[in-house]
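Dropping final-v2.pdb in here (PDB, C-alpha atoms, pLDDT in the B column):
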```
ATOM      1  CA  MET A   1      53.267 -15.390  -5.855  1.00 50.00           C
ATOM      2  CA  ARG A   2      50.270 -15.559  -3.495  1.00 58.00           C
ATOM      3  CA  ARG A   3      49.331 -11.898  -3.953  1.00 68.00           C
ATOM      4  CA  PRO A   4      48.396 -12.136  -7.654  1.00 67.00           C
ATOM      5  CA  VAL A   5      46.284 -15.254  -6.958  1.00 59.00           C
ATOM      6  CA  VAL A   6      44.481 -13.467  -4.108  1.00 58.00           C
ATOM      7  CA  ARG A   7      43.871 -10.448  -6.320  1.00 60.00           C
ATOM      8  CA  VAL A   8      42.508 -12.547  -9.162  1.00 56.00           C
ATOM      9  CA  LEU A   9      40.248 -14.467  -6.774  1.00 56.00           C
ATOM     10  CA  SER A  10      39.082 -11.223  -5.181  1.00 55.00           C
ATOM     11  CA  LEU A  11      38.249  -9.729  -8.569  1.00 52.00           C
ATOM     12  CA  PHE A  12      36.446 -12.898  -9.629  1.00 53.00           C
ATOM     13  CA  LEU A  13      34.404 -13.102  -6.414  1.00 53.00           C
ATOM     14  CA  GLY A  14      33.656  -9.378  -6.418  1.00 53.00           C
ATOM     15  CA  GLY A  15      32.532  -9.530 -10.040  1.00 51.00           C
ATOM     16  CA  SER A  16      30.387 -12.598  -9.345  1.00 50.00           C
ATOM     17  CA  LEU A  17      28.715 -10.923  -6.381  1.00 47.00           C
ATOM     18  CA  ALA A  18      28.068  -7.770  -8.406  1.00 48.00           C
ATOM     19  CA  ALA A  19      26.563  -9.816 -11.261  1.00 51.00           C
ATOM     20  CA  ALA A  20      24.406 -11.833  -8.827  1.00 52.00           C
ATOM     21  CA  ALA A  21      23.097  -8.643  -7.233  1.00 57.00           C
ATOM     22  CA  TRP A  22      22.348  -6.995 -10.591  1.00 58.00           C
ATOM     23  CA  PRO A  23      18.592  -6.273 -10.700  1.00 70.00           C
ATOM     24  CA  LEU A  24      16.593  -7.815 -13.517  1.00 82.00           C
ATOM     25  CA  ARG A  25      13.192  -6.519 -14.639  1.00 87.00           C
ATOM     26  CA  LEU A  26      10.796  -9.441 -14.703  1.00 90.00           C
ATOM     27  CA  LEU A  27       7.171 -10.296 -15.242  1.00 91.00           C
ATOM     28  CA  GLU A  28       6.133 -12.331 -12.204  1.00 91.00           C
ATOM     29  CA  VAL A  29       3.164 -14.700 -12.393  1.00 94.00           C
ATOM     30  CA  SER A  30       1.936 -16.043  -9.055  1.00 92.00           C
ATOM     31  CA  ASP A  31      -0.990 -18.054  -7.757  1.00 94.00           C
ATOM     32  CA  VAL A  32      -2.466 -15.847  -5.012  1.00 93.00           C
ATOM     33  CA  ASP A  33      -4.668 -18.599  -3.554  1.00 93.00           C
ATOM     34  CA  ALA A  34      -1.859 -21.171  -3.365  1.00 91.00           C
ATOM     35  CA  ASN A  35       0.719 -18.508  -2.373  1.00 90.00           C
ATOM     36  CA  ARG A  36       3.067 -19.875  -5.038  1.00 88.00           C
ATOM     37  CA  LEU A  37       5.233 -18.438  -7.781  1.00 87.00           C
ATOM     38  CA  VAL A  38       4.125 -19.856 -11.127  1.00 90.00           C
ATOM     39  CA  ALA A  39       6.587 -18.311 -13.608  1.00 88.00           C
ATOM     40  CA  LEU A  40       9.039 -15.515 -14.325  1.00 87.00           C
ATOM     41  CA  TYR A  41       9.565 -13.912 -17.727  1.00 89.00           C
ATOM     42  CA  PRO A  42      11.698 -11.001 -18.922  1.00 87.00           C
ATOM     43  CA  ALA A  43       9.616  -7.829 -18.537  1.00 88.00           C
ATOM     44  CA  GLY A  44       8.169  -6.781 -21.858  1.00 90.00           C
ATOM     45  CA  PRO A  45       5.053  -6.952 -24.000  1.00 96.00           C
ATOM     46  CA  PHE A  46       2.608  -9.782 -23.274  1.00 97.00           C
ATOM     47  CA  GLN A  47      -0.942 -10.854 -24.045  1.00 97.00           C
ATOM     48  CA  LEU A  48      -3.803 -12.399 -22.128  1.00 96.00           C
ATOM     49  CA  LEU A  49      -5.993 -14.600 -24.310  1.00 96.00           C
ATOM     50  CA  TYR A  50      -9.333 -15.981 -23.150  1.00 95.00           C
ATOM     51  CA  ARG A  51     -12.911 -16.777 -24.060  1.00 93.00           C
ATOM     52  CA  HIS A  52     -15.355 -14.078 -22.942  1.00 92.00           C
ATOM     53  CA  SER A  53     -17.769 -15.489 -20.350  1.00 87.00           C
ATOM     54  CA  VAL A  54     -20.840 -13.610 -21.645  1.00 90.00           C
ATOM     55  CA  TYR A  55     -20.333 -13.497 -25.431  1.00 89.00           C
ATOM     56  CA  GLY A  56     -18.267 -16.673 -25.927  1.00 88.00           C
ATOM     57  CA  ALA A  57     -15.895 -14.816 -28.255  1.00 92.00           C
ATOM     58  CA  ARG A  58     -12.129 -15.053 -28.004  1.00 95.00           C
ATOM     59  CA  VAL A  59     -10.458 -11.924 -26.575  1.00 95.00           C
ATOM     60  CA  TRP A  60      -6.849 -10.736 -26.786  1.00 96.00           C
ATOM     61  CA  GLU A  61      -5.648  -8.119 -24.299  1.00 96.00           C
ATOM     62  CA  GLN A  62      -2.260  -6.637 -25.202  1.00 97.00           C
ATOM     63  CA  PHE A  63      -0.057  -5.238 -22.454  1.00 97.00           C
ATOM     64  CA  ALA A  64       3.285  -3.497 -22.071  1.00 96.00           C
ATOM     65  CA  VAL A  65       5.456  -3.020 -18.988  1.00 94.00           C
ATOM     66  CA  ALA A  66       6.423   0.532 -17.995  1.00 93.00           C
ATOM     67  CA  GLY A  67       8.675   0.585 -14.926  1.00 89.00           C
ATOM     68  CA  THR A  68       6.733  -1.472 -12.398  1.00 88.00           C
ATOM     69  CA  ASP A  69       3.350  -0.792 -14.027  1.00 93.00           C
ATOM     70  CA  VAL A  70       1.409  -3.059 -16.347  1.00 95.00           C
ATOM     71  CA  VAL A  71      -0.191  -1.056 -19.176  1.00 96.00           C
ATOM     72  CA  LEU A  72      -3.185  -2.248 -21.192  1.00 96.00           C
ATOM     73  CA  GLU A  73      -2.512  -1.010 -24.726  1.00 96.00           C
ATOM     74  CA  ALA A  74      -5.194  -2.692 -26.831  1.00 95.00           C
ATOM     75  CA  VAL A  75      -8.105  -5.128 -26.738  1.00 95.00           C
ATOM     76  CA  GLU A  76      -9.232  -7.322 -29.645  1.00 95.00           C
ATOM     77  CA  ALA A  77     -12.137  -9.744 -29.877  1.00 94.00           C
ATOM     78  CA  GLU A  78     -13.994 -11.880 -32.379  1.00 94.00           C
ATOM     79  CA  ALA A  79     -17.260 -10.133 -31.434  1.00 93.00           C
ATOM     80  CA  GLU A  80     -17.743  -6.381 -31.258  1.00 93.00           C
ATOM     81  CA  ALA A  81     -19.976  -6.734 -28.181  1.00 92.00           C
ATOM     82  CA  ALA A  82     -17.131  -8.457 -26.302  1.00 91.00           C
ATOM     83  CA  VAL A  83     -14.930  -5.376 -26.771  1.00 91.00           C
ATOM     84  CA  GLU A  84     -17.742  -2.932 -25.981  1.00 91.00           C
ATOM     85  CA  TYR A  85     -18.466  -4.862 -22.771  1.00 91.00           C
ATOM     86  CA  TYR A  86     -15.344  -3.309 -21.169  1.00 88.00           C
ATOM     87  CA  GLY A  87     -16.571   0.269 -21.650  1.00 89.00           C
ATOM     88  CA  LEU A  88     -13.338   1.484 -23.210  1.00 88.00           C
ATOM     89  CA  PRO A  89     -13.253   5.143 -24.312  1.00 84.00           C
ATOM     90  CA  HIS A  90     -12.773   4.359 -28.046  1.00 87.00           C
ATOM     91  CA  ARG A  91     -15.047   2.581 -30.523  1.00 89.00           C
ATOM     92  CA  PRO A  92     -13.871  -0.791 -31.839  1.00 93.00           C
ATOM     93  CA  VAL A  93     -12.501  -0.881 -35.382  1.00 93.00           C
ATOM     94  CA  ARG A  94     -12.908  -4.034 -37.470  1.00 94.00           C
ATOM     95  CA  THR A  95      -9.590  -5.347 -38.792  1.00 88.00           C
ATOM     96  CA  GLY A  96      -9.019  -8.786 -40.260  1.00 88.00           C
ATOM     97  CA  GLY A  97     -12.060 -10.489 -38.737  1.00 89.00           C
ATOM     98  CA  ARG A  98     -11.522  -8.990 -35.278  1.00 94.00           C
ATOM     99  CA  TYR A  99     -12.715  -5.888 -33.500  1.00 95.00           C
ATOM    100  CA  ARG A 100      -9.907  -3.823 -31.978  1.00 94.00           C
ATOM    101  CA  VAL A 101      -9.598  -0.873 -29.620  1.00 93.00           C
ATOM    102  CA  ALA A 102      -6.063   0.540 -29.540  1.00 92.00           C
ATOM    103  CA  GLY A 103      -4.563   3.389 -27.522  1.00 89.00           C
ATOM    104  CA  VAL A 104      -6.216   2.292 -24.287  1.00 90.00           C
ATOM    105  CA  ASN A 105      -3.188   3.070 -22.057  1.00 91.00           C
ATOM    106  CA  GLN A 106      -4.699   1.991 -18.721  1.00 92.00           C
ATOM    107  CA  ARG A 107      -2.041   1.429 -16.033  1.00 94.00           C
ATOM    108  CA  TRP A 108      -2.084  -0.888 -13.042  1.00 93.00           C
ATOM    109  CA  GLY A 109       0.494  -1.852 -10.470  1.00 93.00           C
ATOM    110  CA  GLU A 110      -0.577  -5.464 -10.990  1.00 94.00           C
ATOM    111  CA  LEU A 111      -3.241  -7.557 -12.664  1.00 93.00           C
ATOM    112  CA  VAL A 112      -5.259 -10.138 -10.777  1.00 95.00           C
ATOM    113  CA  VAL A 113      -7.311 -12.480 -12.955  1.00 93.00           C
ATOM    114  CA  ARG A 114      -9.382 -15.589 -12.261  1.00 92.00           C
ATOM    115  CA  ALA A 115      -8.084 -18.774 -13.902  1.00 91.00           C
ATOM    116  CA  THR A 116     -10.944 -20.915 -15.197  1.00 90.00           C
ATOM    117  CA  ALA A 117     -11.152 -23.738 -17.709  1.00 86.00           C
ATOM    118  CA  THR A 118     -14.305 -22.082 -19.104  1.00 87.00           C
ATOM    119  CA  GLY A 119     -12.475 -18.869 -20.027  1.00 90.00           C
ATOM    120  CA  GLN A 120      -9.187 -20.699 -20.713  1.00 93.00           C
ATOM    121  CA  ARG A 121      -7.246 -17.571 -19.753  1.00 93.00           C
ATOM    122  CA  THR A 122      -3.745 -17.957 -21.152  1.00 94.00           C
ATOM    123  CA  LEU A 123      -0.660 -15.761 -20.826  1.00 95.00           C
ATOM    124  CA  GLN A 124       1.540 -15.330 -23.882  1.00 96.00           C
ATOM    125  CA  VAL A 125       4.978 -13.743 -23.495  1.00 94.00           C
ATOM    126  CA  GLY A 126       6.868 -13.801 -26.786  1.00 91.00           C
ATOM    127  CA  ARG A 127       6.715 -17.442 -27.925  1.00 92.00           C
ATOM    128  CA  SER A 128       6.014 -18.766 -24.420  1.00 91.00           C
ATOM    129  CA  VAL A 129       2.431 -19.772 -23.683  1.00 93.00           C
ATOM    130  CA  LEU A 130       1.193 -20.434 -20.131  1.00 93.00           C
ATOM    131  CA  PRO A 131      -2.396 -21.686 -19.617  1.00 93.00           C
ATOM    132  CA  LEU A 132      -3.213 -20.048 -16.278  1.00 92.00           C
ATOM    133  CA  PHE A 133      -5.966 -22.569 -15.432  1.00 90.00           C
ATOM    134  CA  ASP A 134      -3.684 -25.662 -15.669  1.00 84.00           C
ATOM    135  CA  GLU A 135      -1.783 -27.516 -12.936  1.00 82.00           C
ATOM    136  CA  GLY A 136      -4.374 -27.233 -10.178  1.00 84.00           C
ATOM    137  CA  ARG A 137      -4.994 -23.498 -10.619  1.00 87.00           C
ATOM    138  CA  GLU A 138      -8.643 -23.855 -11.731  1.00 86.00           C
ATOM    139  CA  GLY A 139     -10.642 -21.076 -10.063  1.00 88.00           C
ATOM    140  CA  HIS A 140      -7.555 -19.519  -8.468  1.00 93.00           C
ATOM    141  CA  ARG A 141      -6.629 -15.834  -8.569  1.00 94.00           C
ATOM    142  CA  ILE A 142      -3.476 -15.260 -10.607  1.00 95.00           C
ATOM    143  CA  ARG A 143      -1.392 -12.118 -10.103  1.00 96.00           C
ATOM    144  CA  ILE A 144       0.728 -10.705 -12.929  1.00 96.00           C
ATOM    145  CA  ARG A 145       3.091  -7.866 -12.095  1.00 94.00           C
ATOM    146  CA  ALA A 146       6.410  -6.307 -13.057  1.00 93.00           C
ATOM    147  CA  VAL A 147       9.145  -6.724 -10.450  1.00 91.00           C
ATOM    148  CA  ARG A 148      12.870  -6.295  -9.996  1.00 82.00           C
ATOM    149  CA  ALA A 149      14.862  -9.239  -8.654  1.00 77.00           C
ATOM    150  CA  PRO A 150      18.579  -9.937  -8.231  1.00 72.00           C
ATOM    151  CA  ALA A 151      20.001 -12.018 -11.085  1.00 69.00           C
ATOM    152  CA  GLY A 152      21.483 -14.501  -8.601  1.00 68.00           C
ATOM    153  CA  TRP A 153      18.061 -15.205  -7.088  1.00 57.00           C
ATOM    154  CA  VAL A 154      16.564 -15.830 -10.535  1.00 58.00           C
ATOM    155  CA  ILE A 155      19.370 -18.215 -11.515  1.00 61.00           C
ATOM    156  CA  VAL A 156      19.138 -20.194  -8.248  1.00 63.00           C
ATOM    157  CA  ARG A 157      15.340 -20.389  -8.486  1.00 64.00           C
ATOM    158  CA  GLN A 158      15.428 -21.668 -12.069  1.00 62.00           C
ATOM    159  CA  ALA A 159      18.171 -24.182 -11.206  1.00 64.00           C
ATOM    160  CA  LEU A 160      16.111 -25.530  -8.293  1.00 62.00           C
ATOM    161  CA  ARG A 161      13.062 -25.958 -10.543  1.00 60.00           C
ATOM    162  CA  TRP A 162      15.177 -27.842 -13.045  1.00 64.00           C
ATOM    163  CA  VAL A 163      16.723 -30.100 -10.367  1.00 67.00           C
ATOM    164  CA  ARG A 164      13.261 -30.884  -8.950  1.00 66.00           C
ATOM    165  CA  GLY A 165      12.100 -32.008 -12.378  1.00 65.00           C
ATOM    166  CA  GLY A 166      10.332 -28.829 -13.459  1.00 55.00           C
ATOM    167  CA  GLU A 167      10.955 -26.887 -16.614  1.00 52.00           C
ATOM    168  CA  GLN A 168      14.276 -27.049 -18.404  1.00 43.00           C
ATOM    169  CA  PRO A 169      16.515 -23.967 -18.211  1.00 40.00           C
TER     170      PRO A 169
END
```

In structure tokens, write the structure found in this file.
Amino acid sequence: MRRPVVRVLSLFLGGSLAAAAWPLRLLEVSDVDANRLVALYPAGPFQLLYRHSVYGARVWEQFAVAGTDVVLEAVEAEAEAAVEYYGLPHRPVRTGGRYRVAGVNQRWGELVVRATATGQRTLQVGRSVLPLFDEGREGHRIRIRAVRAPAGWVIVRQALRWVRGGEQP
């Protein structure tokens, strides 16, 4: 009678350990200056939205994740000069009140941006919106990169944030 129970428990524990070790692809957002993890999102398309410091126009940078690289795919802005400022290889095309350069395809291992209330740099991943300059991060360097992490680590980390009164799971 004990053998079947031991086998079932062994299978359950082995399966749990395998699931906990399963690597997830994530978008990691961290505050470099505070040496603190800010957020984790499923790896996928995302946008950085901000107000251009020279032209005052709103800018939308659209990114994809390819392996562990972050790929800039397109840039849009309310002002043509704000797009031209970046010296991208293509001319901006006006569409729906914005100027857009698509097909940029610039790859980086990570992005590091400055979080300021003036620029109001904000990360948008799907429906989630994260103002990078909030919660004491004004003027800080924020790193955005694609990583792989064990599922168990992600679950424990999110549970600890919830228990400490942070975001809801």

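Computed from the coordinates, the CA of Glu84 in chain A to CA of Gly126 in chain A distance equals 26.9 Å.
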
**Asked** Could you state the separation of CA of Ser128 in chain A and CA of Val83 in chain A in Å, given to one decimal place?
**Response** 25.0 Å

**Item:** Selection result for the PyMOL selection byres ((chain A and resi 97) around 10) on this file, as a list in words
**Value:** Ala77, Glu78, Ala79, Arg94, Thr95, Gly96, Arg98, Tyr99 and Arg100 of chain A

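Shortest atom-to-atom contact with Gln106 in chain A among A:Glu28, A:Asp134, A:Asp33, A:Glu73: A:Glu73, counting all atoms listed in the file.
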
**Asked** Please, what distance in Å, to one decimal, runs between CA of Thr68 in chain A and CA of Arg25 in chain A?
**Response** 8.5 Å

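When all atoms listed in the file are used to compute distances to Arg148 in chain A, the closest of the residues A:Leu26, A:Leu132, A:Val93, A:Ala39 turns out to be A:Leu26.
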
**Request:** Give as an NGL selection string the residues that the PyMOL selection byres ((chain A and resi 143) around 10) matches when applied to the coordinates above.
**Result:** :A and (28-33 or 37-38 or 110-114 or 140-142 or 144-145)

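Each of A:Gln120, A:His90, A:Ala102, A:Ala74 was checked against Glu138 in chain A using only C-alpha atoms; the smallest atom-to-atom distance is that of A:Gln120.
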
**Asked** What residues come out when you apply the PyMOL selection byres ((chain A and resi 108) around 6) to this file, written as a VMD selection string?
**Response** chain A and resid 69 to 70 107 109 to 110

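Using only C-alpha atoms, the smallest distance between any of A:Gly103, A:Pro23, A:Pro131, A:Gly139 and Gln47 in chain A comes from A:Pro131.
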
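Minimum atom-to-atom distance to Tyr50 in chain A, evaluated using all atoms listed in the file, belongs to A:Phe133 out of A:Phe133, A:Arg127, A:Leu88, A:Val104.
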